[in-house]
$ cat upload13.pdb   # PDB, C-alpha atoms, pLDDT in the B column
MODEL        1
ATOM      1  CA  MET A 148     -12.292 -86.194 -14.665  1.00 54.00           C
ATOM      2  CA  ARG A 149     -11.575 -82.715 -15.977  1.00 56.00           C
ATOM      3  CA  LYS A 150     -12.181 -83.793 -19.571  1.00 54.00           C
ATOM      4  CA  ALA A 151     -15.460 -85.392 -18.559  1.00 57.00           C
ATOM      5  CA  THR A 152     -16.557 -82.163 -16.815  1.00 58.00           C
ATOM      6  CA  ILE A 153     -15.661 -80.054 -19.840  1.00 59.00           C
ATOM      7  CA  ALA A 154     -17.517 -82.465 -22.101  1.00 54.00           C
ATOM      8  CA  LEU A 155     -20.584 -82.316 -19.843  1.00 56.00           C
ATOM      9  CA  ILE A 156     -20.547 -78.528 -19.806  1.00 58.00           C
ATOM     10  CA  THR A 157     -20.166 -78.449 -23.596  1.00 58.00           C
ATOM     11  CA  ILE A 158     -23.078 -80.822 -24.063  1.00 62.00           C
ATOM     12  CA  SER A 159     -25.220 -78.739 -21.680  1.00 59.00           C
ATOM     13  CA  ILE A 160     -24.442 -75.558 -23.588  1.00 62.00           C
ATOM     14  CA  LEU A 161     -25.268 -77.196 -26.908  1.00 54.00           C
ATOM     15  CA  LEU A 162     -28.564 -78.480 -25.498  1.00 57.00           C
ATOM     16  CA  VAL A 163     -29.507 -75.011 -24.274  1.00 48.00           C
ATOM     17  CA  ILE A 164     -28.624 -73.471 -27.649  1.00 54.00           C
ATOM     18  CA  GLY A 165     -30.599 -76.174 -29.406  1.00 51.00           C
ATOM     19  CA  LEU A 166     -33.619 -75.622 -27.156  1.00 47.00           C
ATOM     20  CA  VAL A 167     -33.571 -71.865 -27.710  1.00 43.00           C
ATOM     21  CA  GLY A 168     -33.302 -72.395 -31.459  1.00 46.00           C
ATOM     22  CA  PHE A 169     -36.153 -74.874 -31.390  1.00 41.00           C
ATOM     23  CA  LEU A 170     -38.389 -72.449 -29.463  1.00 46.00           C
ATOM     24  CA  VAL A 171     -37.646 -69.623 -31.909  1.00 45.00           C
ATOM     25  CA  ILE A 172     -38.378 -71.814 -34.913  1.00 43.00           C
ATOM     26  CA  TRP A 173     -41.478 -73.281 -33.268  1.00 43.00           C
ATOM     27  CA  ASN A 174     -42.792 -69.830 -32.455  1.00 49.00           C
ATOM     28  CA  TYR A 175     -42.473 -69.044 -36.143  1.00 44.00           C
ATOM     29  CA  LEU A 176     -43.738 -72.331 -37.540  1.00 43.00           C
ATOM     30  CA  LYS A 177     -46.748 -72.737 -35.276  1.00 47.00           C
ATOM     31  CA  PHE A 178     -48.444 -69.887 -37.147  1.00 49.00           C
ATOM     32  CA  SER A 179     -47.156 -70.805 -40.613  1.00 44.00           C
ATOM     33  CA  VAL A 180     -50.536 -71.182 -42.212  1.00 50.00           C
ATOM     34  CA  ASN A 181     -51.914 -69.378 -45.206  1.00 58.00           C
ATOM     35  CA  VAL A 182     -54.062 -66.935 -43.245  1.00 73.00           C
ATOM     36  CA  PRO A 183     -54.200 -63.351 -44.585  1.00 80.00           C
ATOM     37  CA  CYS A 184     -53.805 -60.466 -42.139  1.00 84.00           C
ATOM     38  CA  ASN A 185     -56.854 -58.552 -43.362  1.00 73.00           C
ATOM     39  CA  ASP A 186     -59.536 -58.402 -40.666  1.00 67.00           C
ATOM     40  CA  LEU A 187     -57.649 -60.830 -38.431  1.00 79.00           C
ATOM     41  CA  SER A 188     -59.277 -61.408 -35.038  1.00 76.00           C
ATOM     42  CA  GLY A 189     -59.878 -64.127 -32.477  1.00 82.00           C
ATOM     43  CA  ASP A 190     -58.387 -65.663 -29.359  1.00 87.00           C
ATOM     44  CA  LEU A 191     -54.692 -65.167 -28.749  1.00 88.00           C
ATOM     45  CA  PRO A 192     -52.222 -66.335 -29.863  1.00 89.00           C
ATOM     46  CA  VAL A 193     -52.957 -65.612 -33.519  1.00 88.00           C
ATOM     47  CA  GLY A 194     -50.894 -65.393 -36.676  1.00 89.00           C
ATOM     48  CA  CYS A 195     -51.224 -64.397 -40.317  1.00 91.00           C
ATOM     49  CA  GLN A 196     -49.262 -63.785 -43.498  1.00 90.00           C
ATOM     50  CA  ALA A 197     -48.888 -60.551 -45.469  1.00 92.00           C
ATOM     51  CA  SER A 198     -47.131 -59.684 -48.726  1.00 91.00           C
ATOM     52  CA  ILE A 199     -44.435 -57.027 -48.348  1.00 92.00           C
ATOM     53  CA  THR A 200     -43.082 -57.068 -51.896  1.00 89.00           C
ATOM     54  CA  PRO A 201     -44.428 -58.772 -55.022  1.00 86.00           C
ATOM     55  CA  SER A 202     -42.184 -61.753 -54.251  1.00 87.00           C
ATOM     56  CA  GLU A 203     -41.830 -61.730 -50.445  1.00 89.00           C
ATOM     57  CA  ALA A 204     -44.188 -62.290 -47.532  1.00 91.00           C
ATOM     58  CA  VAL A 205     -43.900 -61.980 -43.765  1.00 93.00           C
ATOM     59  CA  LEU A 206     -45.493 -63.759 -40.858  1.00 92.00           C
ATOM     60  CA  VAL A 207     -47.180 -61.773 -38.090  1.00 93.00           C
ATOM     61  CA  THR A 208     -47.640 -63.344 -34.663  1.00 92.00           C
ATOM     62  CA  ILE A 209     -49.404 -61.932 -31.613  1.00 92.00           C
ATOM     63  CA  ASP A 210     -48.777 -63.886 -28.435  1.00 91.00           C
ATOM     64  CA  ILE A 211     -50.991 -64.324 -25.397  1.00 89.00           C
ATOM     65  CA  ASP A 212     -49.292 -61.376 -23.662  1.00 89.00           C
ATOM     66  CA  GLY A 213     -50.081 -59.110 -26.638  1.00 90.00           C
ATOM     67  CA  THR A 214     -46.540 -58.999 -28.016  1.00 92.00           C
ATOM     68  CA  MET A 215     -46.608 -58.576 -31.780  1.00 94.00           C
ATOM     69  CA  ARG A 216     -43.733 -59.753 -33.986  1.00 94.00           C
ATOM     70  CA  VAL A 217     -43.200 -59.535 -37.735  1.00 95.00           C
ATOM     71  CA  TRP A 218     -41.076 -62.409 -39.057  1.00 93.00           C
ATOM     72  CA  ARG A 219     -39.406 -63.423 -42.266  1.00 90.00           C
ATOM     73  CA  ASN A 220     -37.941 -66.919 -42.140  1.00 85.00           C
ATOM     74  CA  ASP A 221     -36.604 -67.112 -38.572  1.00 87.00           C
ATOM     75  CA  GLN A 222     -35.714 -63.416 -38.240  1.00 92.00           C
ATOM     76  CA  ILE A 223     -37.772 -60.787 -36.418  1.00 94.00           C
ATOM     77  CA  LEU A 224     -38.086 -57.640 -38.551  1.00 95.00           C
ATOM     78  CA  ILE A 225     -39.855 -55.568 -35.889  1.00 95.00           C
ATOM     79  CA  SER A 226     -41.695 -56.262 -32.626  1.00 94.00           C
ATOM     80  CA  PHE A 227     -44.154 -54.378 -30.425  1.00 94.00           C
ATOM     81  CA  ILE A 228     -44.976 -54.658 -26.717  1.00 91.00           C
ATOM     82  CA  ASP A 229     -48.571 -54.530 -25.535  1.00 90.00           C
ATOM     83  CA  SER A 230     -49.299 -51.021 -24.244  1.00 85.00           C
ATOM     84  CA  PHE A 231     -50.540 -52.258 -20.852  1.00 83.00           C
ATOM     85  CA  ALA A 232     -47.283 -54.146 -20.219  1.00 79.00           C
ATOM     86  CA  ALA A 233     -44.952 -51.511 -21.696  1.00 74.00           C
ATOM     87  CA  GLU A 234     -42.605 -49.435 -19.567  1.00 77.00           C
ATOM     88  CA  GLU A 235     -42.270 -45.689 -19.999  1.00 68.00           C
ATOM     89  CA  GLU A 236     -39.076 -46.057 -22.038  1.00 70.00           C
ATOM     90  CA  ASP A 237     -40.622 -48.563 -24.454  1.00 72.00           C
ATOM     91  CA  LYS A 238     -41.168 -46.897 -27.810  1.00 79.00           C
ATOM     92  CA  LEU A 239     -42.645 -49.661 -29.972  1.00 91.00           C
ATOM     93  CA  ILE A 240     -46.049 -50.438 -28.495  1.00 90.00           C
ATOM     94  CA  ILE A 241     -49.333 -51.835 -29.742  1.00 91.00           C
ATOM     95  CA  ASP A 242     -52.801 -51.567 -28.209  1.00 91.00           C
ATOM     96  CA  SER A 243     -54.622 -54.528 -29.686  1.00 85.00           C
ATOM     97  CA  VAL A 244     -55.817 -56.881 -26.958  1.00 86.00           C
ATOM     98  CA  SER A 245     -59.099 -57.054 -25.076  1.00 85.00           C
ATOM     99  CA  ASP A 246     -60.074 -59.983 -22.832  1.00 85.00           C
ATOM    100  CA  GLY A 247     -57.490 -62.241 -24.451  1.00 85.00           C
ATOM    101  CA  LYS A 248     -58.699 -61.490 -27.977  1.00 88.00           C
ATOM    102  CA  LEU A 249     -57.199 -59.521 -30.831  1.00 89.00           C
ATOM    103  CA  ILE A 250     -59.119 -56.350 -31.618  1.00 86.00           C
ATOM    104  CA  PRO A 251     -59.877 -56.032 -35.366  1.00 84.00           C
ATOM    105  CA  ASP A 252     -58.076 -53.241 -37.264  1.00 86.00           C
ATOM    106  CA  SER A 253     -55.178 -53.283 -34.796  1.00 90.00           C
ATOM    107  CA  PHE A 254     -52.668 -53.325 -37.633  1.00 93.00           C
ATOM    108  CA  GLU A 255     -52.559 -53.163 -41.406  1.00 93.00           C
ATOM    109  CA  PHE A 256     -50.039 -53.398 -44.250  1.00 95.00           C
ATOM    110  CA  ALA A 257     -50.175 -50.770 -47.001  1.00 94.00           C
ATOM    111  CA  ASP A 258     -47.664 -49.013 -49.240  1.00 95.00           C
ATOM    112  CA  ILE A 259     -48.009 -45.474 -47.885  1.00 95.00           C
ATOM    113  CA  ASN A 260     -44.804 -44.051 -49.408  1.00 95.00           C
ATOM    114  CA  PHE A 261     -45.408 -45.573 -52.874  1.00 95.00           C
ATOM    115  CA  ASP A 262     -42.093 -47.392 -53.225  1.00 94.00           C
ATOM    116  CA  GLY A 263     -43.714 -50.718 -54.118  1.00 93.00           C
ATOM    117  CA  ASN A 264     -43.284 -52.211 -50.625  1.00 95.00           C
ATOM    118  CA  ALA A 265     -45.924 -52.644 -47.935  1.00 95.00           C
ATOM    119  CA  ASP A 266     -45.497 -50.544 -44.797  1.00 96.00           C
ATOM    120  CA  LEU A 267     -46.978 -51.233 -41.369  1.00 96.00           C
ATOM    121  CA  LYS A 268     -49.769 -49.387 -39.572  1.00 95.00           C
ATOM    122  CA  VAL A 269     -50.114 -50.189 -35.842  1.00 95.00           C
ATOM    123  CA  ALA A 270     -52.682 -49.079 -33.251  1.00 94.00           C
ATOM    124  CA  THR A 271     -50.892 -47.438 -30.326  1.00 92.00           C
ATOM    125  CA  SER A 272     -53.871 -46.213 -28.304  1.00 90.00           C
ATOM    126  CA  ARG A 273     -57.606 -46.772 -28.307  1.00 86.00           C
ATOM    127  CA  GLY A 274     -60.755 -45.528 -26.646  1.00 83.00           C
ATOM    128  CA  ALA A 275     -64.454 -46.082 -27.069  1.00 82.00           C
ATOM    129  CA  TYR A 276     -64.512 -44.631 -30.587  1.00 86.00           C
ATOM    130  CA  ASN A 277     -61.017 -43.327 -31.292  1.00 92.00           C
ATOM    131  CA  PHE A 278     -57.987 -45.367 -32.384  1.00 91.00           C
ATOM    132  CA  GLN A 279     -54.532 -43.805 -32.562  1.00 93.00           C
ATOM    133  CA  TYR A 280     -52.076 -45.177 -35.135  1.00 95.00           C
ATOM    134  CA  SER A 281     -48.421 -44.940 -36.095  1.00 95.00           C
ATOM    135  CA  TYR A 282     -46.896 -45.948 -39.432  1.00 96.00           C
ATOM    136  CA  TYR A 283     -43.566 -47.724 -39.934  1.00 97.00           C
ATOM    137  CA  LEU A 284     -41.855 -47.868 -43.324  1.00 96.00           C
ATOM    138  CA  TYR A 285     -40.382 -51.030 -44.772  1.00 96.00           C
ATOM    139  CA  ASP A 286     -36.660 -50.625 -45.499  1.00 93.00           C
ATOM    140  CA  PRO A 287     -35.842 -52.805 -48.550  1.00 90.00           C
ATOM    141  CA  GLN A 288     -32.079 -52.208 -48.282  1.00 90.00           C
ATOM    142  CA  ASN A 289     -31.857 -53.645 -44.768  1.00 89.00           C
ATOM    143  CA  ASN A 290     -34.874 -55.975 -45.171  1.00 88.00           C
ATOM    144  CA  THR A 291     -36.551 -54.686 -42.021  1.00 92.00           C
ATOM    145  CA  PHE A 292     -38.964 -52.030 -40.764  1.00 95.00           C
ATOM    146  CA  ASP A 293     -37.673 -48.659 -39.619  1.00 95.00           C
ATOM    147  CA  PRO A 294     -38.322 -48.517 -35.838  1.00 93.00           C
ATOM    148  CA  LYS A 295     -38.784 -44.749 -36.062  1.00 93.00           C
ATOM    149  CA  PRO A 296     -42.373 -44.040 -37.122  1.00 94.00           C
ATOM    150  CA  PHE A 297     -42.841 -42.261 -40.428  1.00 95.00           C
ATOM    151  CA  LEU A 298     -46.160 -40.939 -39.136  1.00 95.00           C
ATOM    152  CA  ALA A 299     -47.053 -41.023 -35.436  1.00 93.00           C
ATOM    153  CA  ASP A 300     -50.149 -40.674 -33.246  1.00 88.00           C
ATOM    154  CA  MET A 301     -52.744 -40.189 -35.976  1.00 94.00           C
ATOM    155  CA  TRP A 302     -56.406 -40.758 -35.098  1.00 94.00           C
ATOM    156  CA  ASN A 303     -58.783 -43.079 -36.984  1.00 94.00           C
ATOM    157  CA  THR A 304     -56.830 -42.988 -40.221  1.00 94.00           C
ATOM    158  CA  GLU A 305     -57.951 -43.842 -43.738  1.00 94.00           C
ATOM    159  CA  PHE A 306     -55.475 -44.302 -46.571  1.00 95.00           C
ATOM    160  CA  ASP A 307     -56.426 -43.481 -50.162  1.00 96.00           C
ATOM    161  CA  LYS A 308     -53.822 -45.002 -52.461  1.00 94.00           C
ATOM    162  CA  LYS A 309     -55.249 -43.442 -55.620  1.00 95.00           C
ATOM    163  CA  ALA A 310     -55.369 -39.912 -54.215  1.00 97.00           C
ATOM    164  CA  LYS A 311     -52.155 -40.416 -52.193  1.00 97.00           C
ATOM    165  CA  THR A 312     -53.791 -39.085 -49.054  1.00 97.00           C
ATOM    166  CA  ILE A 313     -54.203 -40.072 -45.429  1.00 97.00           C
ATOM    167  CA  THR A 314     -57.249 -38.724 -43.617  1.00 97.00           C
ATOM    168  CA  THR A 315     -57.460 -38.546 -39.823  1.00 97.00           C
ATOM    169  CA  LEU A 316     -60.654 -38.118 -37.827  1.00 96.00           C
ATOM    170  CA  TYR A 317     -60.869 -37.463 -34.080  1.00 95.00           C
ATOM    171  CA  LYS A 318     -64.392 -37.800 -32.691  1.00 93.00           C
ATOM    172  CA  GLY A 319     -65.367 -35.601 -29.757  1.00 88.00           C
ATOM    173  CA  ARG A 320     -68.136 -38.035 -28.871  1.00 83.00           C
ATOM    174  CA  GLY A 321     -69.609 -41.255 -30.131  1.00 74.00           C
ATOM    175  CA  VAL A 322     -72.407 -39.855 -32.287  1.00 79.00           C
ATOM    176  CA  GLY A 323     -69.774 -38.166 -34.439  1.00 79.00           C
ATOM    177  CA  ASP A 324     -71.248 -34.664 -34.508  1.00 87.00           C
ATOM    178  CA  ILE A 325     -68.190 -33.128 -32.833  1.00 92.00           C
ATOM    179  CA  TYR A 326     -64.943 -33.894 -34.635  1.00 95.00           C
ATOM    180  CA  ARG A 327     -61.616 -32.756 -36.071  1.00 96.00           C
ATOM    181  CA  GLU A 328     -60.631 -34.025 -39.503  1.00 97.00           C
ATOM    182  CA  ALA A 329     -57.354 -33.519 -41.358  1.00 97.00           C
ATOM    183  CA  VAL A 330     -56.215 -34.578 -44.823  1.00 98.00           C
ATOM    184  CA  TYR A 331     -52.536 -35.106 -45.634  1.00 97.00           C
ATOM    185  CA  LEU A 332     -51.192 -35.398 -49.199  1.00 97.00           C
ATOM    186  CA  PHE A 333     -48.051 -37.385 -50.047  1.00 97.00           C
ATOM    187  CA  GLU A 334     -45.663 -35.142 -51.974  1.00 96.00           C
ATOM    188  CA  GLY A 335     -41.923 -34.709 -51.992  1.00 94.00           C
ATOM    189  CA  GLY A 336     -41.404 -37.863 -49.957  1.00 94.00           C
ATOM    190  CA  ARG A 337     -43.613 -36.774 -47.048  1.00 95.00           C
ATOM    191  CA  TYR A 338     -47.221 -36.121 -46.058  1.00 97.00           C
ATOM    192  CA  ASN A 339     -48.247 -32.463 -45.935  1.00 97.00           C
ATOM    193  CA  LEU A 340     -51.446 -31.038 -44.454  1.00 97.00           C
ATOM    194  CA  ILE A 341     -53.806 -29.770 -47.158  1.00 98.00           C
ATOM    195  CA  LYS A 342     -57.212 -29.606 -45.447  1.00 98.00           C
ATOM    196  CA  GLN A 343     -58.745 -29.322 -41.971  1.00 98.00           C
ATOM    197  CA  ILE A 344     -62.366 -29.547 -40.874  1.00 97.00           C
ATOM    198  CA  ASN A 345     -63.457 -28.678 -37.344  1.00 96.00           C
ATOM    199  CA  GLN A 346     -66.984 -28.998 -36.010  1.00 94.00           C
ATOM    200  CA  SER A 347     -67.884 -27.963 -32.459  1.00 91.00           C
ATOM    201  CA  PHE A 348     -70.821 -26.723 -30.409  1.00 89.00           C
ATOM    202  CA  VAL A 349     -71.750 -23.058 -30.651  1.00 88.00           C
ATOM    203  CA  ASN A 350     -72.431 -22.863 -26.921  1.00 76.00           C
ATOM    204  CA  GLY A 351     -70.593 -25.291 -24.644  1.00 70.00           C
ATOM    205  CA  GLU A 352     -72.211 -28.713 -24.983  1.00 66.00           C
ATOM    206  CA  ASN A 353     -75.654 -27.429 -25.950  1.00 66.00           C
ATOM    207  CA  GLU A 354     -76.352 -29.088 -29.280  1.00 68.00           C
ATOM    208  CA  GLU A 355     -79.693 -27.293 -29.570  1.00 74.00           C
ATOM    209  CA  ALA A 356     -77.781 -24.051 -30.128  1.00 76.00           C
ATOM    210  CA  GLY A 357     -76.179 -25.519 -33.243  1.00 88.00           C
ATOM    211  CA  TYR A 358     -72.662 -26.189 -34.425  1.00 91.00           C
ATOM    212  CA  VAL A 359     -69.750 -24.184 -35.752  1.00 93.00           C
ATOM    213  CA  HIS A 360     -68.409 -25.785 -38.947  1.00 94.00           C
ATOM    214  CA  THR A 361     -65.017 -24.497 -40.093  1.00 96.00           C
ATOM    215  CA  VAL A 362     -62.938 -25.584 -43.082  1.00 97.00           C
ATOM    216  CA  LYS A 363     -59.313 -24.682 -43.754  1.00 98.00           C
ATOM    217  CA  GLU A 364     -57.488 -25.512 -46.978  1.00 98.00           C
ATOM    218  CA  ARG A 365     -53.971 -25.020 -48.263  1.00 97.00           C
ATOM    219  CA  LYS A 366     -53.686 -22.038 -50.553  1.00 96.00           C
ATOM    220  CA  ASN A 367     -50.297 -20.926 -51.883  1.00 95.00           C
ATOM    221  CA  GLY A 368     -48.523 -22.901 -49.181  1.00 93.00           C
ATOM    222  CA  ALA A 369     -50.585 -21.595 -46.234  1.00 96.00           C
ATOM    223  CA  MET A 370     -53.670 -22.919 -44.449  1.00 97.00           C
ATOM    224  CA  VAL A 371     -56.546 -20.437 -44.812  1.00 98.00           C
ATOM    225  CA  VAL A 372     -60.200 -20.501 -43.757  1.00 97.00           C
ATOM    226  CA  THR A 373     -62.347 -21.270 -46.806  1.00 97.00           C
ATOM    227  CA  GLU A 374     -65.630 -21.867 -44.996  1.00 96.00           C
ATOM    228  CA  SER A 375     -67.030 -21.008 -41.573  1.00 94.00           C
ATOM    229  CA  LYS A 376     -70.692 -21.186 -40.673  1.00 93.00           C
ATOM    230  CA  ILE A 377     -73.182 -22.062 -37.975  1.00 90.00           C
ATOM    231  CA  ILE A 378     -75.366 -25.062 -38.765  1.00 89.00           C
ATOM    232  CA  SER A 379     -78.338 -26.541 -36.976  1.00 85.00           C
ATOM    233  CA  GLU A 380     -77.705 -30.137 -38.012  1.00 83.00           C
ATOM    234  CA  PRO A 381     -74.274 -31.824 -37.969  1.00 79.00           C
ATOM    235  CA  PHE A 382     -72.616 -33.202 -41.065  1.00 73.00           C
TER     236      PHE A 382
ENDMDL
END

$ encode --input "upload13.pdb" --output "structure tokens"
Amino acid sequence: MRKATIALITISILLVIGLVGFLVIWNYLKFSVNVPCNDLSGDLPVGCQASITPSEAVLVTIDIDGTMRVWRNDQILISFIDSFAAEEEDKLIIDSVSDGKLIPDSFEFADINFDGNADLKVATSRGAYNFQYSYYLYDPQNNTFDPKPFLADMWNTEFDKKAKTITTLYKGRGVGDIYREAVYLFEGGRYNLIKQINQSFVNGENEEAGYVHTVKERKNGAMVVTESKIISEPF
């Protein structure tokens, strides 16, 4: 009787392990189609593939609850919790879901530290016309993504691989006449601020009074004002 009980318990444990393994593999395989991650959108769940190195690719899945996972084979390299479901202590979050659909430009792969491997850009907050992003570097030695962001909380970013710059733009309102722009240059293994542009109203929110347009640039290691003027039309 005792042997039969032990055998039954053993079989039950093996079945549970097998079921868990099947669900993990199924979660990976159900999205294993040759769909690129560029401009991915649509009803959740969704999945896509992205090249990380010249010879390796990863699978990205976003479930119905907004959880995003980056897979290689059956291993999760990094995962993010939807910002609306995240607790205060949760650090890796993504803000990418609206009405059960994936918002375009919620994430992107690009080699921002120029080591030949694709890194991950993830939207962490969004508004009507401002998206906030964090960047996570791919770690080739450990074959995973560093959970500590290399760059954090940057607004509406644009990456220029040729110039080795990342430009951020925070819009004060939708028409884009009020904004703060910053340009960061990759040098010495990090991004350093080299230019700032600020445009605001001369008098409160009265656009008829004109705008103050101020430019700061890095000169001899310090940010200095290189242009400051009042303009009647925004640019």

$ atom_distance --input "upload13.pdb" --atom1 "atom CA of A:Pro296" --atom2 "atom CA of A:Gly336"
14.3 Å

$ residues_around --input "upload13.pdb" --residues "A:Glu334" --least-positions-apart "4" --cutoff "9 Å" --atoms "all atoms listed in the file" --output "VMD selection string"
chain A and resid 311 338 to 339

$ residues_around --input "upload13.pdb" --residues "A:Lys309" --least-positions-apart "3" --cutoff "12 Å" --atoms "all atoms listed in the file" --output "list in words"
Asp258, Ile259, Phe261, Phe306, Thr312, Ile313, Leu332 and Phe333 of chain A

$ atom_distance --input "upload13.pdb" --atom1 "atom CA of A:Gly194" --atom2 "atom CA of A:Ile209"
6.3 Å

$ resolve_selection --input "upload13.pdb" --expression "the PyMOL selection byres ((chain A and resi 279) around 10)" --output "PDB file with C-alpha atoms, in the frame of the given file"
ATOM      1  CA  ILE A 241     -49.333 -51.835 -29.742  1.00 91.00           C
ATOM      2  CA  ASP A 242     -52.801 -51.567 -28.209  1.00 91.00           C
ATOM      3  CA  SER A 253     -55.178 -53.283 -34.796  1.00 90.00           C
ATOM      4  CA  VAL A 269     -50.114 -50.189 -35.842  1.00 95.00           C
ATOM      5  CA  ALA A 270     -52.682 -49.079 -33.251  1.00 94.00           C
ATOM      6  CA  THR A 271     -50.892 -47.438 -30.326  1.00 92.00           C
ATOM      7  CA  SER A 272     -53.871 -46.213 -28.304  1.00 90.00           C
ATOM      8  CA  ARG A 273     -57.606 -46.772 -28.307  1.00 86.00           C
ATOM      9  CA  GLY A 274     -60.755 -45.528 -26.646  1.00 83.00           C
ATOM     10  CA  ASN A 277     -61.017 -43.327 -31.292  1.00 92.00           C
ATOM     11  CA  PHE A 278     -57.987 -45.367 -32.384  1.00 91.00           C
ATOM     12  CA  TYR A 280     -52.076 -45.177 -35.135  1.00 95.00           C
ATOM     13  CA  SER A 281     -48.421 -44.940 -36.095  1.00 95.00           C
ATOM     14  CA  ALA A 299     -47.053 -41.023 -35.436  1.00 93.00           C
ATOM     15  CA  ASP A 300     -50.149 -40.674 -33.246  1.00 88.00           C
ATOM     16  CA  MET A 301     -52.744 -40.189 -35.976  1.00 94.00           C
ATOM     17  CA  TRP A 302     -56.406 -40.758 -35.098  1.00 94.00           C
ATOM     18  CA  ASN A 303     -58.783 -43.079 -36.984  1.00 94.00           C
ATOM     19  CA  THR A 304     -56.830 -42.988 -40.221  1.00 94.00           C
ATOM     20  CA  THR A 315     -57.460 -38.546 -39.823  1.00 97.00           C
ATOM     21  CA  LEU A 316     -60.654 -38.118 -37.827  1.00 96.00           C
ATOM     22  CA  TYR A 317     -60.869 -37.463 -34.080  1.00 95.00           C
TER      23      TYR A 317
END

$ closest_residue --input "upload13.pdb" --among "A:Leu340, A:Leu249, A:Ala369, A:Val205" --to "A:Tyr285" --atoms "only C-alpha atoms"
A:Val205

$ closest_residue --input "upload13.pdb" --among "A:Ile228, A:Val349, A:Val217, A:Ile344" --to "A:Val372" --atoms "all atoms listed in the file"
A:Ile344

$ resolve_selection --input "upload13.pdb" --expression "the PyMOL selection byres ((chain A and resi 251) around 10)" --output "compact mmCIF listing (two decimals) with C-alpha atoms, in the frame of the given file"
# COMPACT_ATOMS: atom_id res chain seq x y z
CA ASN A 185 -56.85 -58.55 -43.36
CA ASP A 186 -59.54 -58.40 -40.67
CA LEU A 187 -57.65 -60.83 -38.43
CA SER A 188 -59.28 -61.41 -35.04
CA GLY A 189 -59.88 -64.13 -32.48
CA SER A 243 -54.62 -54.53 -29.69
CA VAL A 244 -55.82 -56.88 -26.96
CA LYS A 248 -58.70 -61.49 -27.98
CA LEU A 249 -57.20 -59.52 -30.83
CA ILE A 250 -59.12 -56.35 -31.62
CA ASP A 252 -58.08 -53.24 -37.26
CA SER A 253 -55.18 -53.28 -34.80
CA PHE A 254 -52.67 -53.32 -37.63
CA GLU A 255 -52.56 -53.16 -41.41

$ atom_distance --input "upload13.pdb" --atom1 "atom CA of A:Asp293" --atom2 "atom CA of A:Asp266"
9.6 Å

$ residues_near_point --input "upload13.pdb" --point "(-46.6, -60.9, -38.9)" --cutoff "7 Å" --atoms "all atoms listed in the file" --output "PyMOL selection string"
chain A and resi 194-197+205-208+216-218

$ resolve_selection --input "upload13.pdb" --expression "the PyMOL selection byres ((chain A and resi 319) around 12)" --output "VMD selection string"
chain A and resid 274 to 277 302 316 to 318 320 to 328 345 to 348 352

$ residues_around --input "upload13.pdb" --residues "A:Thr291" --least-positions-apart "6" --cutoff "9 Å" --atoms "all atoms listed in the file" --output "MDAnalysis selection string"
chainID A and resid 223:225 284:285

$ closest_residue --input "upload13.pdb" --among "A:Glu203, A:Asp221, A:Asp190, A:Asp210" --to "A:Gly247" --atoms "all atoms listed in the file"
A:Asp190

$ closest_residue --input "upload13.pdb" --among "A:Pro294, A:Ala356, A:Asn289, A:Arg219" --to "A:Ile240" --atoms "all atoms listed in the file"
A:Pro294
